[in-house]
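See below for input.txt, which holds compact mmCIF, C-alpha atoms.
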# COMPACT_ATOMS: atom_id res chain seq x y z
CA MET H 1 -5.13 -6.26 7.75
CA ALA H 2 -3.97 -7.47 4.34
CA GLU H 3 -2.41 -10.66 5.74
CA SER H 4 -1.76 -12.02 2.26
CA ILE H 5 0.73 -9.20 1.51
CA GLU H 6 3.46 -10.26 3.90
CA GLN H 7 6.48 -8.68 2.23
CA PRO H 8 7.05 -4.93 2.03
CA ILE H 9 6.34 -3.31 -1.31
CA TYR H 10 7.61 -0.21 -3.08
CA LEU H 11 5.19 2.69 -3.45
CA ALA H 12 5.91 5.03 -6.36
CA SER H 13 3.92 7.93 -4.93
CA ARG H 14 4.50 10.93 -2.68
CA SER H 15 0.81 11.19 -1.79
CA PRO H 16 0.34 11.34 2.00
CA ARG H 17 -3.18 9.96 1.53
CA ARG H 18 -1.89 6.82 -0.20
CA HIS H 19 0.76 6.42 2.49
CA GLU H 20 -1.97 6.64 5.13
CA LEU H 21 -4.29 4.18 3.38
CA LEU H 22 -1.62 1.51 2.94
CA GLY H 23 -0.68 1.87 6.60
CA GLN H 24 -4.35 1.55 7.52
CA ILE H 25 -4.50 -1.99 6.14
CA GLY H 26 -1.10 -3.01 7.42
CA ILE H 27 0.90 -3.06 4.19
CA SER H 28 4.55 -2.09 4.75
CA PHE H 29 6.15 -0.05 1.99
CA GLU H 30 9.17 1.95 0.97
CA GLN H 31 8.45 5.18 -0.90
CA ILE H 32 10.32 5.69 -4.17
CA PRO H 33 10.05 8.30 -6.96
CA GLY H 34 7.67 7.68 -9.83
CA ASP H 35 7.98 10.95 -11.71
CA ILE H 36 6.74 11.09 -15.31
CA ASP H 37 5.40 13.61 -17.83
CA GLU H 38 1.70 13.94 -16.95
CA ALA H 39 0.62 15.79 -20.09
CA THR H 40 -2.50 14.52 -21.83
CA ARG H 41 -2.50 13.44 -25.46
CA GLY H 42 -4.87 14.89 -28.00
CA GLY H 43 -8.13 12.94 -28.12
CA GLU H 44 -7.09 10.63 -25.29
CA ALA H 45 -9.98 9.26 -23.23
CA ALA H 46 -9.85 10.02 -19.52
CA GLU H 47 -9.86 6.33 -18.54
CA HIS H 48 -6.95 5.60 -20.88
CA TYR H 49 -5.03 8.61 -19.60
CA VAL H 50 -5.31 7.75 -15.92
CA GLU H 51 -4.29 4.12 -16.52
CA ARG H 52 -1.33 5.25 -18.64
CA MET H 53 -0.24 7.53 -15.79
CA ALA H 54 -0.37 4.75 -13.18
CA ARG H 55 1.52 2.30 -15.36
CA GLY H 56 4.06 4.96 -16.28
CA LYS H 57 4.70 5.79 -12.62
CA ALA H 58 5.16 2.13 -11.68
CA LEU H 59 7.65 1.59 -14.50
CA ALA H 60 9.42 4.86 -13.68
CA GLY H 61 9.82 3.58 -10.13
CA MET H 62 11.34 0.37 -11.45
CA HIS H 63 13.77 2.27 -13.67
CA TRP H 64 14.79 4.43 -10.70
CA LEU H 65 15.53 1.34 -8.61
CA GLN H 66 17.56 -0.18 -11.42
CA ALA H 67 19.56 3.03 -11.73
CA GLN H 68 20.44 2.90 -8.03
CA SER H 69 21.80 -0.64 -8.15
CA GLU H 70 21.43 -3.78 -10.23
CA GLU H 71 21.12 -5.65 -6.96
CA PHE H 72 17.99 -3.87 -5.66
CA GLU H 73 15.56 -6.03 -3.73
CA ARG H 74 12.83 -7.36 -6.02
CA ARG H 75 9.43 -6.40 -4.63
CA PRO H 76 6.11 -5.31 -6.19
CA ILE H 77 6.01 -1.63 -7.16
CA LEU H 78 2.62 0.00 -6.64
CA ALA H 79 1.64 3.26 -8.32
CA ALA H 80 -1.65 5.10 -8.70
CA ASP H 81 -3.19 8.14 -10.32
CA THR H 82 -6.51 9.86 -9.63
CA ILE H 83 -8.47 12.26 -11.81
CA VAL H 84 -11.79 14.06 -11.54
CA VAL H 85 -13.88 14.05 -14.72
CA VAL H 86 -16.84 16.31 -15.49
CA ASP H 87 -18.44 16.73 -18.93
CA ASP H 88 -15.73 14.37 -20.24
CA GLU H 89 -13.06 16.89 -19.18
CA ILE H 90 -10.25 16.05 -16.76
CA LEU H 91 -9.98 18.48 -13.86
CA GLY H 92 -6.45 18.57 -12.49
CA LYS H 93 -5.04 20.33 -9.46
CA PRO H 94 -5.85 24.03 -9.17
CA VAL H 95 -3.12 26.49 -10.09
CA SER H 96 -4.75 29.47 -8.37
CA ARG H 97 -7.68 30.54 -6.20
CA ASP H 98 -9.71 31.50 -9.28
CA HIS H 99 -8.97 28.19 -10.95
CA SER H 100 -10.13 26.35 -7.83
CA ALA H 101 -13.34 28.35 -7.73
CA GLN H 102 -14.04 27.62 -11.40
CA MET H 103 -13.72 23.88 -10.83
CA LEU H 104 -15.87 23.84 -7.70
CA ARG H 105 -18.62 25.80 -9.47
CA ARG H 106 -18.66 23.07 -12.13
CA LEU H 107 -18.96 20.35 -9.48
CA SER H 108 -21.67 22.16 -7.50
CA ASP H 109 -25.09 20.49 -7.27
CA ARG H 110 -24.29 17.69 -9.68
CA THR H 111 -22.59 14.32 -10.11
CA HIS H 112 -19.10 13.81 -11.49
CA ARG H 113 -16.79 10.83 -11.90
CA VAL H 114 -13.55 10.08 -10.06
CA MET H 115 -11.20 7.64 -11.74
CA THR H 116 -8.32 6.04 -9.87
CA ALA H 117 -5.96 3.76 -11.75
CA ILE H 118 -3.59 1.45 -9.92
CA ALA H 119 -0.66 -0.42 -11.41
CA VAL H 120 1.68 -3.04 -9.99
CA ALA H 121 5.01 -3.78 -11.65
CA HIS H 122 7.06 -6.79 -10.57
CA GLY H 123 9.81 -8.25 -12.70
CA ALA H 124 8.58 -8.41 -16.29
CA ILE H 125 4.94 -8.04 -15.24
CA CYS H 126 2.92 -4.82 -15.07
CA GLN H 127 -0.80 -5.18 -14.39
CA SER H 128 -3.26 -2.34 -13.95
CA LEU H 129 -6.92 -1.48 -13.55
CA VAL H 130 -9.17 1.57 -13.30
CA GLN H 131 -11.74 2.02 -10.55
CA ILE H 132 -14.51 4.55 -11.31
CA SER H 133 -16.78 6.15 -8.73
CA GLU H 134 -19.53 8.75 -8.99
CA VAL H 135 -19.64 11.62 -6.51
CA CYS H 136 -22.65 13.88 -6.05
CA PHE H 137 -22.11 17.31 -4.49
CA ALA H 138 -24.66 19.51 -2.78
CA PRO H 139 -24.88 23.13 -4.00
CA LEU H 140 -21.69 25.05 -3.24
CA ASP H 141 -22.28 28.78 -2.81
CA GLU H 142 -19.65 31.44 -3.41
CA ASP H 143 -19.05 32.05 0.28
CA TRP H 144 -18.34 28.36 0.92
CA ILE H 145 -16.04 28.15 -2.10
CA SER H 146 -14.07 31.18 -0.92
CA ARG H 147 -13.76 29.94 2.66
CA TYR H 148 -12.81 26.46 1.48
CA TRP H 149 -9.84 27.82 -0.45
CA GLU H 150 -8.63 29.59 2.67
CA THR H 151 -8.34 26.24 4.49
CA GLY H 152 -5.59 25.16 2.09
CA GLU H 153 -7.28 21.81 1.53
CA PRO H 154 -8.07 22.10 -2.19
CA ALA H 155 -4.65 23.35 -3.32
CA ASP H 156 -3.00 19.98 -4.04
CA LYS H 157 -5.98 17.86 -4.99
CA ALA H 158 -7.48 16.83 -8.30
CA GLY H 159 -10.78 18.60 -8.85
CA SER H 160 -9.84 21.00 -6.04
CA TYR H 161 -11.36 19.02 -3.19
CA GLY H 162 -10.58 16.27 -0.70
CA VAL H 163 -13.47 13.94 0.15
CA GLN H 164 -11.73 12.90 3.38
CA GLY H 165 -11.62 16.49 4.63
CA ILE H 166 -13.86 19.52 4.90
CA ALA H 167 -15.44 18.94 1.48
CA GLY H 168 -16.81 15.62 2.71
CA ALA H 169 -19.60 17.55 4.45
CA ARG H 170 -20.86 18.70 1.04
CA VAL H 171 -20.90 15.21 -0.54
CA VAL H 172 -24.46 13.93 -0.85
CA GLU H 173 -23.65 10.48 -2.24
CA ILE H 174 -20.79 8.30 -3.46
CA ARG H 175 -21.50 5.41 -5.81
CA GLY H 176 -18.38 3.26 -5.91
CA SER H 177 -15.30 3.26 -3.69
CA TYR H 178 -14.83 5.95 -1.05
CA PHE H 179 -11.15 4.99 -0.85
CA GLY H 180 -10.91 5.21 -4.63
CA VAL H 181 -12.11 8.80 -4.41
CA MET H 182 -9.43 9.39 -1.77
CA GLY H 183 -6.82 8.07 -4.19
CA LEU H 184 -6.35 4.34 -3.54
CA PRO H 185 -9.21 1.80 -3.77
CA LEU H 186 -8.11 -0.61 -1.05
CA PHE H 187 -10.00 -3.72 -2.12
CA ASP H 188 -8.78 -3.45 -5.72
CA THR H 189 -5.24 -2.68 -4.57
CA VAL H 190 -4.98 -5.82 -2.44
CA GLU H 191 -6.56 -7.93 -5.19
CA LEU H 192 -4.09 -6.64 -7.78
CA LEU H 193 -1.07 -7.11 -5.51
CA GLU H 194 -2.17 -10.66 -4.73
CA ALA H 195 -2.68 -11.43 -8.44
CA VAL H 196 0.77 -10.14 -9.40
CA LEU H 197 2.50 -11.95 -6.53
CA LYS H 198 0.75 -15.20 -7.44
CA ARG H 199 1.67 -14.81 -11.10
CA THR H 200 5.33 -14.04 -10.41
CA GLN H 201 5.59 -16.93 -7.96
CA GLY H 202 4.09 -19.27 -10.56
CA GLU H 203 6.62 -18.15 -13.17
CA ARG H 204 9.50 -18.86 -10.76
CA GLU H 205 8.30 -22.41 -9.99
In structure tokens, what does this structure look like?
Amino acid sequence: MAESIEQPIYLASRSPRRHELLGQIGISFEQIPGDIDEATRGGEAAEHYVERMARGKALAGMHWLQAQSEEFERRPILAADTIVVVDDEILGKPVSRDHSAQMLRRLSDRTHRVMTAIAVAHGAICQSLVQISEVCFAPLDEDWISRYWETGEPADKAGSYGVQGIAGARVVEIRGSYFGVMGLPLFDTVELLEAVLKRTQGERE
């Protein structure tokens, strides 16, 4: 358990995987919206993009709370964003079966990077970091790719796969954080929450 995070936090994410992971380590949270424009900017590096998304979602969550009431309970707001990067190109969520197949063919029998940015906003503070892992896939043949789409698993996931599901059986190696590939690197998340709480407490004293 993350005993150091005693108070509930806000989570600016609808991701069921992030909900599950926070619950796994005993962090209580209230889900709030963190909706922003997720369009990339011309020439923007993947690492910069994913961190901008996480920070934007955390701040959007704060603005939503402020719009509900000026008397909202002050707690840390956690947000995250995950992208799959291959050949320096960001692979988003598939929009169709063909799009999913195209992405999985590119990931087949090679290593790609998964970047998860986390951000914590609390008062006037917003701190963030990017955790990068490398994932190596076994060869994925056309029959497997077709059957995988039929499971429904890839439809809402960056890069068109979920490491915690069926696709995990085709992962040869992960260098980095398994939980980061899932969408929330737990060690880094607790460290960042603790750092922000300590900083805000110091500013109040």
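Closest approach to Val190 in chain H among H:Gly43, H:His63, H:Ala119, H:Ile36: H:Ala119, based on only C-alpha atoms.
When CA of Glu150 in chain H is paired with CA of Val135 in chain H, their separation reads 23.0 Å.
Around Tyr178 in chain H, within 12 Å and counting all atoms listed in the file, the residues found are Leu21, Val114, Met115, Thr116, Gln131, Ile132, Ser133, Glu134, Val135, Gly162, Val163, Gln164, Gly168, Val171, Glu173, Ile174, Arg175, Val181, Met182, Gly183, Leu184, Pro185, Leu186 and Phe187 of chain H, once anything fewer than 3 positions away on its own chain is removed.
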(request) Compile the contact shell of range 22-25 of chain H as JSON, numbers by chain: residues with an atom at most 12 Å away, counting all atoms listed in the file, same-chain residues fewer than 4 positions apart removed. (result) {"H": [1, 2, 3, 4, 5, 6, 8, 9, 10, 11, 13, 15, 16, 17, 18, 29, 30, 31, 78, 79, 179, 183, 184, 185, 186, 187, 189, 190]}
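The two atoms in question, CA of Ala101 in chain H and CA of Ile145 in chain H, are spaced 6.2 Å apart.
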Name the residues in contact with range 48-62 of chain H at a cut-off of 7 Å, using all atoms listed in the file, excluding same-chain residues fewer than 6 positions from it; report them as an mmCIF file with C-alpha atoms, keeping the file's coordinate frame.
data_model
loop_
_atom_site.group_PDB
_atom_site.id
_atom_site.type_symbol
_atom_site.label_atom_id
_atom_site.label_comp_id
_atom_site.auth_asym_id
_atom_site.auth_seq_id
_atom_site.Cartn_x
_atom_site.Cartn_y
_atom_site.Cartn_z
ATOM 1 C CA ALA H 12 5.910 5.030 -6.360
ATOM 2 C CA ILE H 32 10.320 5.690 -4.170
ATOM 3 C CA PRO H 33 10.050 8.300 -6.960
ATOM 4 C CA GLY H 34 7.670 7.680 -9.830
ATOM 5 C CA ASP H 35 7.980 10.950 -11.710
ATOM 6 C CA ILE H 36 6.740 11.090 -15.310
ATOM 7 C CA GLU H 38 1.700 13.940 -16.950
ATOM 8 C CA THR H 40 -2.500 14.520 -21.830
ATOM 9 C CA ILE H 77 6.010 -1.630 -7.160
ATOM 10 C CA LEU H 78 2.620 0.000 -6.640
ATOM 11 C CA ALA H 79 1.640 3.260 -8.320
ATOM 12 C CA ALA H 80 -1.650 5.100 -8.700
ATOM 13 C CA ASP H 81 -3.190 8.140 -10.320
ATOM 14 C CA THR H 82 -6.510 9.860 -9.630
ATOM 15 C CA ILE H 83 -8.470 12.260 -11.810
ATOM 16 C CA THR H 116 -8.320 6.040 -9.870
ATOM 17 C CA ALA H 117 -5.960 3.760 -11.750
ATOM 18 C CA ILE H 118 -3.590 1.450 -9.920
ATOM 19 C CA ALA H 119 -0.660 -0.420 -11.410
ATOM 20 C CA VAL H 120 1.680 -3.040 -9.990
ATOM 21 C CA ALA H 121 5.010 -3.780 -11.650
ATOM 22 C CA SER H 128 -3.260 -2.340 -13.950
ATOM 23 C CA LEU H 129 -6.920 -1.480 -13.550
ATOM 24 C CA VAL H 130 -9.170 1.570 -13.300
#
(message) Taking 2 positions as the minimum chain separation for residues in the same chain, which residues sit within 12 Å of Pro94 in chain H when counting all atoms listed in the file? Answer as an MDAnalysis selection string.
(response) chainID H and resid 84 90:92 96:104 149 152:161
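What separates CA of Ala45 in chain H from CA of Gln127 in chain H is a distance of 19.3 Å.
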Six-sided padding of 4 Å per side, axis-aligned box over range 85-88 of chain H, centre and edges in Å, one decimal, as lines of an AutoDock Vina configuration file:
center_x = -16.2
center_y = 15.4
center_z = -17.5
size_x = 12.6
size_y = 10.7
size_z = 13.5
Model the absent atoms of range 165-179 of chain H so that N, CA and C atoms are present, and write the result as an mmCIF file, in the coordinates of the input.
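Final output, saved to out_18.cif:
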data_model
loop_
_atom_site.group_PDB
_atom_site.id
_atom_site.type_symbol
_atom_site.label_atom_id
_atom_site.label_comp_id
_atom_site.auth_asym_id
_atom_site.auth_seq_id
_atom_site.Cartn_x
_atom_site.Cartn_y
_atom_site.Cartn_z
ATOM 1 N N GLY H 165 -11.763 15.295 3.811
ATOM 2 C CA GLY H 165 -11.620 16.490 4.630
ATOM 3 C C GLY H 165 -12.906 17.288 4.731
ATOM 4 N N ILE H 166 -12.741 18.599 4.722
ATOM 5 C CA ILE H 166 -13.860 19.520 4.900
ATOM 6 C C ILE H 166 -14.929 19.327 3.823
ATOM 7 N N ALA H 167 -14.494 19.083 2.592
ATOM 8 C CA ALA H 167 -15.440 18.940 1.480
ATOM 9 C C ALA H 167 -16.361 17.744 1.657
ATOM 10 N N GLY H 168 -15.967 16.785 2.491
ATOM 11 C CA GLY H 168 -16.810 15.620 2.710
ATOM 12 C C GLY H 168 -18.191 15.973 3.225
ATOM 13 N N ALA H 169 -18.298 17.111 3.913
ATOM 14 C CA ALA H 169 -19.600 17.550 4.450
ATOM 15 C C ALA H 169 -20.534 18.038 3.361
ATOM 16 N N ARG H 170 -20.016 18.236 2.152
ATOM 17 C CA ARG H 170 -20.860 18.700 1.040
ATOM 18 C C ARG H 170 -21.126 17.579 0.034
ATOM 19 N N VAL H 171 -20.670 16.351 0.347
ATOM 20 C CA VAL H 171 -20.900 15.210 -0.540
ATOM 21 C C VAL H 171 -22.214 14.537 -0.159
ATOM 22 N N VAL H 172 -23.150 14.524 -1.086
ATOM 23 C CA VAL H 172 -24.460 13.930 -0.850
ATOM 24 C C VAL H 172 -24.397 12.410 -0.972
ATOM 25 N N GLU H 173 -23.653 11.922 -1.971
ATOM 26 C CA GLU H 173 -23.650 10.480 -2.240
ATOM 27 C C GLU H 173 -22.389 10.096 -2.989
ATOM 28 N N ILE H 174 -21.886 8.894 -2.690
ATOM 29 C CA ILE H 174 -20.790 8.300 -3.460
ATOM 30 C C ILE H 174 -21.266 6.932 -3.947
ATOM 31 N N ARG H 175 -21.185 6.719 -5.238
ATOM 32 C CA ARG H 175 -21.500 5.410 -5.810
ATOM 33 C C ARG H 175 -20.187 4.814 -6.319
ATOM 34 N N GLY H 176 -19.680 3.838 -5.565
ATOM 35 C CA GLY H 176 -18.380 3.260 -5.910
ATOM 36 C C GLY H 176 -17.526 3.120 -4.669
ATOM 37 N N SER H 177 -16.261 3.447 -4.781
ATOM 38 C CA SER H 177 -15.300 3.260 -3.690
ATOM 39 C C SER H 177 -14.928 4.604 -3.060
ATOM 40 N N TYR H 178 -15.245 4.750 -1.781
ATOM 41 C CA TYR H 178 -14.830 5.950 -1.050
ATOM 42 C C TYR H 178 -13.307 6.071 -1.073
ATOM 43 N N PHE H 179 -12.615 4.947 -0.863
ATOM 44 C CA PHE H 179 -11.150 4.990 -0.850
ATOM 45 C C PHE H 179 -10.597 5.285 -2.234
#
